[in-house]
$ cat protein.cif   # mmCIF, C-alpha atoms
data_structure
#
loop_
_atom_site.label_atom_id
_atom_site.label_comp_id
_atom_site.auth_asym_id
_atom_site.auth_seq_id
_atom_site.Cartn_x
_atom_site.Cartn_y
_atom_site.Cartn_z
CA PRO A 1 -52.03 -45.94 48.75
CA LEU A 2 -52.27 -43.04 46.36
CA GLY A 3 -50.38 -40.85 48.82
CA ASP A 4 -47.55 -43.40 49.19
CA THR A 5 -47.23 -43.65 45.44
CA ALA A 6 -47.04 -39.89 45.12
CA LEU A 7 -44.26 -39.79 47.69
CA GLY A 8 -42.30 -42.59 45.98
CA LEU A 9 -42.68 -41.44 42.38
CA SER A 10 -43.05 -37.74 41.77
CA SER A 11 -44.64 -38.08 38.31
CA LEU A 12 -45.72 -40.51 35.66
CA LYS A 13 -42.53 -39.62 33.79
CA ASP A 14 -40.42 -41.07 36.63
CA MET A 15 -42.54 -44.20 36.66
CA ALA A 16 -42.02 -44.65 32.93
CA ALA A 17 -38.27 -44.15 33.32
CA VAL A 18 -38.10 -46.83 36.03
CA ALA A 19 -40.12 -49.24 33.89
CA VAL A 20 -37.89 -48.71 30.87
CA ALA A 21 -34.72 -49.09 32.92
CA THR A 22 -35.97 -52.28 34.54
CA HIS A 23 -36.95 -53.73 31.18
CA GLU A 24 -33.57 -52.96 29.61
CA LEU A 25 -31.68 -54.50 32.52
CA LEU A 26 -33.70 -57.67 32.32
CA GLU A 27 -33.72 -58.02 28.51
CA GLU A 28 -30.11 -57.15 27.71
CA GLY A 29 -28.74 -59.36 30.46
CA LYS A 30 -26.03 -56.94 31.42
CA THR A 31 -25.62 -58.71 34.74
CA ASP A 32 -26.62 -62.18 35.99
CA SER A 33 -27.57 -60.95 39.43
CA PRO A 34 -29.06 -57.51 39.94
CA ASP A 35 -26.91 -55.06 41.82
CA GLN A 36 -27.75 -54.55 45.47
CA SER A 37 -28.47 -50.90 44.82
CA LEU A 38 -31.11 -51.84 42.19
CA ARG A 39 -32.92 -54.50 44.22
CA PRO A 40 -35.33 -51.98 45.83
CA LEU A 41 -36.41 -50.99 42.29
CA LEU A 42 -36.74 -54.51 40.94
CA ASN A 43 -38.46 -55.92 44.03
CA PRO A 44 -39.77 -53.03 46.07
CA ALA A 45 -41.10 -53.78 49.55
CA PRO A 46 -44.83 -53.39 50.05
CA GLY A 47 -45.67 -49.82 50.91
CA GLY A 48 -41.98 -48.83 50.52
CA ARG A 49 -40.76 -45.59 49.05
CA LEU A 50 -38.26 -45.25 46.22
CA ASP A 51 -35.14 -43.33 47.00
CA SER A 52 -34.58 -40.33 44.71
CA THR A 53 -30.86 -41.21 44.42
CA LEU A 54 -31.66 -44.66 43.06
CA LEU A 55 -34.21 -43.19 40.69
CA THR A 56 -31.62 -40.77 39.33
CA THR A 57 -29.08 -43.59 38.93
CA VAL A 58 -31.47 -45.76 36.96
CA THR A 59 -32.63 -42.87 34.79
CA THR A 60 -29.04 -41.88 33.97
CA THR A 61 -28.09 -45.49 33.23
CA SER A 62 -31.01 -46.00 30.89
CA THR A 63 -30.39 -42.81 28.96
CA THR A 64 -27.62 -43.21 26.38
CA ARG A 65 -26.39 -40.40 24.18
CA THR A 66 -25.54 -41.02 20.54
CA ASP A 67 -23.73 -38.42 18.44
CA ASN A 68 -24.32 -38.43 14.70
CA GLN A 69 -21.52 -37.04 12.53
CA MET A 70 -22.67 -34.98 9.55
CA GLN A 71 -20.41 -33.93 6.71
CA PRO A 72 -19.81 -30.15 6.52
CA LEU A 73 -20.92 -30.15 2.89
CA LEU A 74 -24.41 -31.29 3.85
CA GLY A 75 -24.81 -28.17 5.95
CA VAL A 76 -24.40 -26.06 2.79
CA ALA A 77 -26.06 -28.38 0.29
CA PRO A 78 -28.37 -30.83 2.11
CA LEU A 79 -29.20 -32.59 -1.17
CA GLY A 80 -25.52 -33.22 -1.94
CA PRO A 81 -23.10 -31.56 -4.39
CA VAL A 82 -24.74 -30.02 -7.45
CA PRO A 83 -22.82 -30.19 -10.76
CA LEU A 84 -21.82 -26.79 -12.16
CA ASN A 85 -23.09 -25.67 -15.53
CA GLN A 86 -20.79 -24.47 -18.31
CA ASP A 87 -21.32 -20.78 -17.55
CA ARG A 88 -20.39 -21.25 -13.90
CA VAL A 89 -17.29 -23.27 -14.79
CA TYR A 90 -16.23 -20.56 -17.25
CA GLN A 91 -16.69 -17.85 -14.63
CA LEU A 92 -14.58 -19.76 -12.10
CA LYS A 93 -11.81 -20.26 -14.67
CA MET A 94 -11.83 -16.55 -15.52
CA LEU A 95 -11.65 -15.61 -11.84
CA GLU A 96 -8.69 -17.95 -11.36
CA ALA A 97 -6.91 -16.48 -14.39
CA VAL A 98 -7.49 -12.92 -13.17
CA PHE A 99 -6.23 -13.82 -9.70
CA LYS A 100 -2.88 -14.91 -11.20
CA HIS A 101 -2.36 -11.51 -12.84
CA LEU A 102 -3.33 -9.03 -10.16
CA PRO A 103 -1.76 -5.58 -10.57
CA GLU A 104 1.29 -4.94 -8.46
CA PRO A 105 2.18 -1.63 -6.79
CA SER A 106 5.34 -1.56 -8.89
CA ASP A 107 3.27 -1.36 -12.09
CA SER A 108 2.52 2.31 -11.38
CA GLU A 109 6.11 3.20 -10.53
CA ARG A 110 8.75 4.50 -12.86
CA VAL A 111 11.54 2.17 -13.89
CA ARG A 112 14.47 2.57 -11.56
CA PRO A 113 18.03 2.10 -12.75
CA TYR A 114 19.73 -1.05 -11.56
CA LEU A 115 22.50 -0.40 -9.07
CA GLN A 116 25.07 -3.15 -8.74
CA ARG A 117 26.12 -4.10 -5.26
CA THR A 118 29.41 -5.54 -6.48
CA PRO A 119 30.37 -3.61 -9.64
CA TYR A 120 32.44 -5.50 -12.16
CA PRO A 121 34.49 -3.78 -14.85
CA THR A 122 33.00 -4.57 -18.27
CA PRO A 123 34.42 -3.76 -21.69
CA SER A 124 33.56 -0.37 -23.07
CA TYR A 125 31.56 -1.81 -25.97
CA HIS A 126 28.91 -3.01 -23.48
CA HIS A 127 26.25 -0.69 -22.13
CA GLN A 128 27.58 0.98 -19.02
CA HIS A 129 24.27 2.63 -18.11
CA PRO A 130 20.61 1.74 -18.74
CA PRO A 131 19.14 3.28 -21.89
CA THR A 132 17.50 6.63 -21.29
CA HIS A 133 13.71 7.01 -21.63
CA MET A 134 13.25 3.24 -21.75
CA ASP A 135 9.70 3.60 -20.46
CA SER A 136 8.60 5.96 -23.23
CA PHE A 137 6.70 5.04 -26.40
CA GLU A 138 9.53 6.41 -28.58
CA PHE A 139 11.88 3.85 -27.06
CA TYR A 140 9.60 0.95 -28.03
CA GLN A 141 9.18 2.29 -31.55
CA ARG A 142 12.92 1.83 -32.06
CA LEU A 143 12.81 -1.85 -31.11
CA SER A 144 12.68 -4.65 -33.68
CA ILE A 145 9.53 -6.60 -34.47
CA GLU A 146 10.84 -9.78 -32.80
CA THR A 147 11.66 -7.83 -29.66
CA LEU A 148 8.18 -6.36 -29.52
CA PHE A 149 6.63 -9.82 -29.91
CA PHE A 150 8.88 -11.18 -27.17
CA ILE A 151 7.85 -8.40 -24.79
CA PHE A 152 4.17 -8.89 -25.62
CA TYR A 153 4.10 -12.66 -25.04
CA TYR A 154 6.62 -13.01 -22.23
CA MET A 155 6.00 -9.89 -20.13
CA GLU A 156 2.29 -10.37 -19.62
CA GLY A 157 0.44 -7.95 -17.39
CA THR A 158 3.16 -5.29 -17.36
CA LYS A 159 3.49 -1.80 -18.74
CA ALA A 160 6.07 -3.12 -21.19
CA GLN A 161 3.45 -5.41 -22.76
CA TYR A 162 1.11 -2.46 -23.15
CA MET A 163 3.79 -0.36 -24.83
CA ALA A 164 4.77 -3.24 -27.13
CA ALA A 165 1.14 -3.72 -28.23
CA LYS A 166 0.85 -0.01 -28.91
CA ALA A 167 4.00 -0.07 -31.03
CA LEU A 168 2.78 -3.11 -32.99
CA LYS A 169 -0.52 -1.40 -33.78
CA LYS A 170 1.44 1.60 -34.96
CA LEU A 171 3.13 -0.73 -37.47
CA SER A 172 -0.29 -1.90 -38.83
CA TRP A 173 -0.33 -5.19 -36.92
CA ARG A 174 -3.76 -6.25 -35.67
CA PHE A 175 -4.42 -8.67 -32.82
CA HIS A 176 -6.81 -11.61 -33.27
CA THR A 177 -8.50 -12.34 -29.93
CA LYS A 178 -9.56 -15.89 -30.89
CA TYR A 179 -6.14 -17.13 -32.04
CA MET A 180 -4.20 -14.74 -29.76
CA THR A 181 -2.02 -13.91 -32.76
CA TRP A 182 -0.91 -10.77 -34.54
CA PHE A 183 -1.90 -10.36 -38.20
CA GLN A 184 -0.83 -7.87 -40.86
CA ARG A 185 -2.24 -7.36 -44.34
CA LEU A 186 0.13 -8.48 -47.08
CA GLU A 187 -2.09 -6.92 -49.73
CA GLU A 188 -5.47 -5.28 -50.03
CA PRO A 189 -8.25 -7.72 -48.99
CA LYS A 190 -10.14 -9.31 -51.85
CA THR A 191 -13.44 -9.23 -49.99
CA ILE A 192 -14.56 -6.67 -47.41
CA THR A 193 -17.96 -6.74 -45.71
CA ASP A 194 -19.43 -5.31 -42.53
CA ASP A 195 -18.58 -8.50 -40.61
CA TYR A 196 -15.30 -9.72 -42.06
CA GLU A 197 -12.58 -9.32 -44.66
CA MET A 198 -10.76 -12.01 -46.63
CA GLY A 199 -7.33 -11.91 -48.21
CA THR A 200 -3.65 -12.72 -47.74
CA TYR A 201 -2.05 -11.97 -44.37
CA ILE A 202 1.23 -12.27 -42.57
CA TYR A 203 0.91 -13.59 -39.03
CA PHE A 204 3.40 -14.20 -36.26
CA ASP A 205 3.61 -17.83 -35.16
CA TYR A 206 4.58 -17.56 -31.49
CA GLU A 207 5.05 -21.34 -31.20
CA LYS A 208 7.62 -21.53 -34.02
CA TRP A 209 8.68 -17.91 -33.44
CA ALA A 210 8.51 -16.94 -37.08
CA GLN A 211 6.39 -14.90 -39.45
CA ARG A 212 4.22 -16.96 -41.80
CA LYS A 213 1.96 -16.31 -44.76
CA LYS A 214 -1.75 -17.16 -44.78
CA ASP A 215 -3.66 -17.11 -48.06
CA GLY A 216 -7.44 -16.79 -48.21
CA PHE A 217 -7.78 -16.05 -44.51
CA THR A 218 -11.09 -14.68 -43.26
CA PHE A 219 -10.58 -12.12 -40.52
CA GLU A 220 -13.86 -11.67 -38.66
CA TYR A 221 -14.18 -8.21 -37.14
CA ARG A 222 -15.73 -9.58 -33.94
CA TYR A 223 -12.31 -11.03 -33.08
CA LEU A 224 -10.45 -7.83 -33.85
CA GLU A 225 -8.92 -5.95 -30.95
CA ASP A 226 -9.57 -2.45 -32.26
CA ARG A 227 -9.45 -0.39 -29.11
CA GLU A 228 -7.34 2.70 -29.32
CA LEU A 229 -4.48 2.58 -26.82
CA PRO A 230 -3.84 6.01 -25.28
#

$ encode --input "protein.cif" --output "structure tokens"
Amino acid sequence: PLGDTALGLSSLKDMAAVAVATHELLEEGKTDSPDQSLRPLLNPAPGGRLDSTLLTTVTTTSTTRTDNQMQPLLGVAPLGPVPLNQDRVYQLKMLEAVFKHLPEPSDSERVRPYLQRTPYPTPSYHHQHPPTHMDSFEFYQRLSIETLFFIFYYMEGTKAQYMAAKALKKLSWRFHTKYMTWFQRLEEPKTITDDYEMGTYIYFDYEKWAQRKKDGFTFEYRYLEDRELP
């Protein structure tokens, strides 16, 4: 008998698979009458051998595959999204701001004169040619204060903004990095310390586009842009 069993079932694993398959077919009630191909398994003949093909069929039928979908985020952070701290949020905002003002290859090129494709005759009192040396510091020194402010605030990230800031500093205007505003002393400060100075100033209001007076203003030196522009 032991030899017949060994020939019918190659291992205890196959016997367990047949038992599980038979139990599932009987419990779930998938069919009212067992299929003819499964009858030798359900009611084997005495001393009969189990066909390997039937064994494979039952084993495949009893084995069901289930796929579990996992969110891609859980592969990076298994414990779920972690809230960012203030320093990390500030760093991401700074990176985004820098990305919007990347240097262009044209920033290192000289200004080229504009050539019209379809020239149109203009009156003689208009400029017929671009101003000469318009990329030099002497050219920006001849511009008005309002023009320099316009270039500084509306031509951000360009060489023209750099030249306008240099010309404004030459005219004793100082840039406040906290308020992003240009200040100029109206008179000698009343109080001067190592950390700040207090007095009356003239500042440029870029929202109203006008120069305004500020009495008793404390200008802290930590917000002063005092780098020398070459």

$ atom_distance --input "protein.cif" --atom1 "CA of Gln161 (chain A)" --atom2 "CA of Lys178 (chain A)"
18.6 Å

$ atom_distance --input "protein.cif" --atom1 "CA of Glu207 (chain A)" --atom2 "CA of Trp182 (chain A)"
12.6 Å

$ atom_distance --input "protein.cif" --atom1 "CA of Ala164 (chain A)" --atom2 "CA of Arg222 (chain A)"
22.5 Å

$ axis_aligned_box --input "protein.cif" --around "region 195-208 of chain A" --padding-each-side "6 Å" --output "JSON"
{"center_x": -5.5, "center_y": -15.0, "center_z": -39.7, "size_x": 38.2, "size_y": 25.0, "size_z": 29.0}

$ residues_around --input "protein.cif" --residues "region 166-169 of chain A" --least-positions-apart "4" --cutoff "10 Å" --atoms "only C-alpha atoms" --output "PyMOL selection string"
chain A and resi 137-143+145+148-149+152+160-162+173-175+182+184+225-226+228-230

$ closest_atom_pairs --input "protein.cif" --of "region 145-213 of chain A" --to "region 104-107 of chain A" --cutoff "10 Å" --atoms "only C-alpha atoms" --output "CSV"
residue,atom,partner,partner_atom,distance
A:Gly157,CA,A:Asp107,CA,8.9
A:Thr158,CA,A:Asp107,CA,6.6
A:Lys159,CA,A:Asp107,CA,6.7
A:Ala160,CA,A:Asp107,CA,9.7

$ closest_residue --input "protein.cif" --among "A:Asp87, A:Lys213, A:His127, A:His101" --to "Met155 (chain A)" --atoms "all atoms listed in the file"
A:His101

$ closest_residue --input "protein.cif" --among "A:Tyr196, A:Tyr125, A:Tyr201, A:Trp209" --to "Phe150 (chain A)" --atoms "all atoms listed in the file"
A:Trp209

$ closest_residue --input "protein.cif" --among "A:Pro123, A:Lys93, A:Phe217, A:Tyr206" --to "Ile151 (chain A)" --atoms "only C-alpha atoms"
A:Tyr206

$ resolve_selection --input "protein.cif" --expression "the PyMOL selection byres ((chain A and resi 194) around 12)" --output "NGL selection string"
:A and (191-193 or 195-198 or 219-222)

$ resolve_selection --input "protein.cif" --expression "the PyMOL selection byres ((chain A and resi 202) around 8)" --output "MDAnalysis selection string"
chainID A and resid 183:186 200:201 203:204 211:214

$ build_atoms --input "protein.cif" --residues "region 133-144 of chain A" --atoms "all heavy atoms" --output "JSON list (two decimals), keeping the file's coordinate frame"
[["chain", "number", "residue", "atom", "x", "y", "z"],
["A", 133, "HIS", "N", 15.11, 6.99, -21.17],
["A", 133, "HIS", "CA", 13.71, 7.01, -21.63],
["A", 133, "HIS", "C", 13.24, 5.63, -22.08],
["A", 133, "HIS", "O", 12.52, 5.50, -23.08],
["A", 133, "HIS", "CB", 13.54, 8.02, -22.76],
["A", 133, "HIS", "CG", 14.05, 9.40, -22.45],
["A", 133, "HIS", "ND1", 13.46, 10.20, -21.50],
["A", 133, "HIS", "CD2", 15.13, 10.08, -22.93],
["A", 133, "HIS", "CE1", 14.14, 11.34, -21.44],
["A", 133, "HIS", "NE2", 15.15, 11.29, -22.28],
["A", 134, "MET", "N", 13.64, 4.59, -21.34],
["A", 134, "MET", "CA", 13.25, 3.24, -21.75],
["A", 134, "MET", "C", 11.80, 2.92, -21.43],
["A", 134, "MET", "O", 11.30, 1.86, -21.83],
["A", 134, "MET", "CB", 14.16, 2.22, -21.07],
["A", 134, "MET", "CG", 14.11, 2.22, -19.55],
["A", 134, "MET", "SD", 15.20, 0.96, -18.83],
["A", 134, "MET", "CE", 14.57, -0.52, -19.59],
["A", 135, "ASP", "N", 11.11, 3.81, -20.73],
["A", 135, "ASP", "CA", 9.70, 3.60, -20.46],
["A", 135, "ASP", "C", 8.81, 4.48, -21.33],
["A", 135, "ASP", "O", 7.60, 4.57, -21.09],
["A", 135, "ASP", "CB", 9.40, 3.87, -18.99],
["A", 135, "ASP", "CG", 9.78, 5.28, -18.57],
["A", 135, "ASP", "OD1", 10.57, 5.92, -19.30],
["A", 135, "ASP", "OD2", 9.29, 5.74, -17.51],
["A", 136, "SER", "N", 9.38, 5.09, -22.35],
["A", 136, "SER", "CA", 8.60, 5.96, -23.23],
["A", 136, "SER", "C", 8.20, 5.20, -24.49],
["A", 136, "SER", "O", 8.80, 4.18, -24.85],
["A", 136, "SER", "CB", 9.42, 7.20, -23.62],
["A", 136, "SER", "OG", 10.58, 6.82, -24.34],
["A", 137, "PHE", "N", 7.17, 5.70, -25.17],
["A", 137, "PHE", "CA", 6.70, 5.04, -26.40],
["A", 137, "PHE", "C", 7.74, 5.16, -27.51],
["A", 137, "PHE", "O", 7.86, 4.26, -28.36],
["A", 137, "PHE", "CB", 5.38, 5.68, -26.82],
["A", 137, "PHE", "CG", 4.82, 5.10, -28.09],
["A", 137, "PHE", "CD1", 4.41, 3.76, -28.15],
["A", 137, "PHE", "CD2", 4.70, 5.88, -29.23],
["A", 137, "PHE", "CE1", 3.90, 3.22, -29.31],
["A", 137, "PHE", "CE2", 4.18, 5.34, -30.39],
["A", 137, "PHE", "CZ", 3.79, 4.01, -30.44],
["A", 138, "GLU", "N", 8.49, 6.24, -27.56],
["A", 138, "GLU", "CA", 9.53, 6.41, -28.58],
["A", 138, "GLU", "C", 10.59, 5.33, -28.46],
["A", 138, "GLU", "O", 11.16, 4.87, -29.47],
["A", 138, "GLU", "CB", 10.16, 7.79, -28.46],
["A", 138, "GLU", "CG", 9.25, 8.94, -28.88],
["A", 138, "GLU", "CD", 8.19, 9.24, -27.84],
["A", 138, "GLU", "OE1", 8.32, 8.72, -26.68],
["A", 138, "GLU", "OE2", 7.21, 9.94, -28.15],
["A", 139, "PHE", "N", 10.89, 4.91, -27.24],
["A", 139, "PHE", "CA", 11.88, 3.85, -27.06],
["A", 139, "PHE", "C", 11.40, 2.55, -27.67],
["A", 139, "PHE", "O", 12.16, 1.84, -28.34],
["A", 139, "PHE", "CB", 12.17, 3.67, -25.57],
["A", 139, "PHE", "CG", 13.04, 2.48, -25.25],
["A", 139, "PHE", "CD1", 14.41, 2.56, -25.39],
["A", 139, "PHE", "CD2", 12.47, 1.29, -24.81],
["A", 139, "PHE", "CE1", 15.21, 1.46, -25.10],
["A", 139, "PHE", "CE2", 13.26, 0.20, -24.51],
["A", 139, "PHE", "CZ", 14.64, 0.29, -24.66],
["A", 140, "TYR", "N", 10.13, 2.20, -27.49],
["A", 140, "TYR", "CA", 9.60, 0.95, -28.03],
["A", 140, "TYR", "C", 9.44, 1.01, -29.54],
["A", 140, "TYR", "O", 9.49, -0.04, -30.20],
["A", 140, "TYR", "CB", 8.26, 0.62, -27.37],
["A", 140, "TYR", "CG", 8.40, 0.13, -25.96],
["A", 140, "TYR", "CD1", 8.47, 1.02, -24.90],
["A", 140, "TYR", "CD2", 8.47, -1.23, -25.68],
["A", 140, "TYR", "CE1", 8.61, 0.56, -23.59],
["A", 140, "TYR", "CE2", 8.61, -1.70, -24.38],
["A", 140, "TYR", "CZ", 8.69, -0.78, -23.34],
["A", 140, "TYR", "OH", 8.84, -1.25, -22.06],
["A", 141, "GLN", "N", 9.26, 2.18, -30.10],
["A", 141, "GLN", "CA", 9.18, 2.29, -31.55],
["A", 141, "GLN", "C", 10.52, 1.98, -32.22],
["A", 141, "GLN", "O", 10.55, 1.61, -33.40],
["A", 141, "GLN", "CB", 8.72, 3.70, -31.94],
["A", 141, "GLN", "CG", 7.22, 3.92, -31.76],
["A", 141, "GLN", "CD", 6.79, 5.28, -32.26],
["A", 141, "GLN", "OE1", 7.35, 6.31, -31.89],
["A", 141, "GLN", "NE2", 5.78, 5.28, -33.12],
["A", 142, "ARG", "N", 11.60, 2.12, -31.49],
["A", 142, "ARG", "CA", 12.92, 1.83, -32.06],
["A", 142, "ARG", "C", 13.31, 0.36, -31.95],
["A", 142, "ARG", "O", 14.33, -0.05, -32.49],
["A", 142, "ARG", "CB", 13.99, 2.69, -31.37],
["A", 142, "ARG", "CG", 13.81, 4.18, -31.56],
["A", 142, "ARG", "CD", 15.06, 4.94, -31.18],
["A", 142, "ARG", "NE", 15.38, 4.75, -29.76],
["A", 142, "ARG", "CZ", 14.98, 5.58, -28.80],
["A", 142, "ARG", "NH1", 14.24, 6.65, -29.09],
["A", 142, "ARG", "NH2", 15.32, 5.36, -27.55],
["A", 143, "LEU", "N", 12.50, -0.44, -31.26],
["A", 143, "LEU", "CA", 12.81, -1.85, -31.11],
["A", 143, "LEU", "C", 12.40, -2.64, -32.35],
["A", 143, "LEU", "O", 11.53, -2.22, -33.12],
["A", 143, "LEU", "CB", 12.10, -2.42, -29.88],
["A", 143, "LEU", "CG", 12.46, -1.79, -28.54],
["A", 143, "LEU", "CD1", 11.62, -2.43, -27.42],
["A", 143, "LEU", "CD2", 13.94, -1.94, -28.23],
["A", 144, "SER", "N", 13.01, -3.81, -32.53],
["A", 144, "SER", "CA", 12.68, -4.65, -33.68],
["A", 144, "SER", "C", 11.34, -5.35, -33.46],
["A", 144, "SER", "O", 10.82, -5.42, -32.34],
["A", 144, "SER", "CB", 13.79, -5.69, -33.90],
["A", 144, "SER", "OG", 13.88, -6.55, -32.77]]
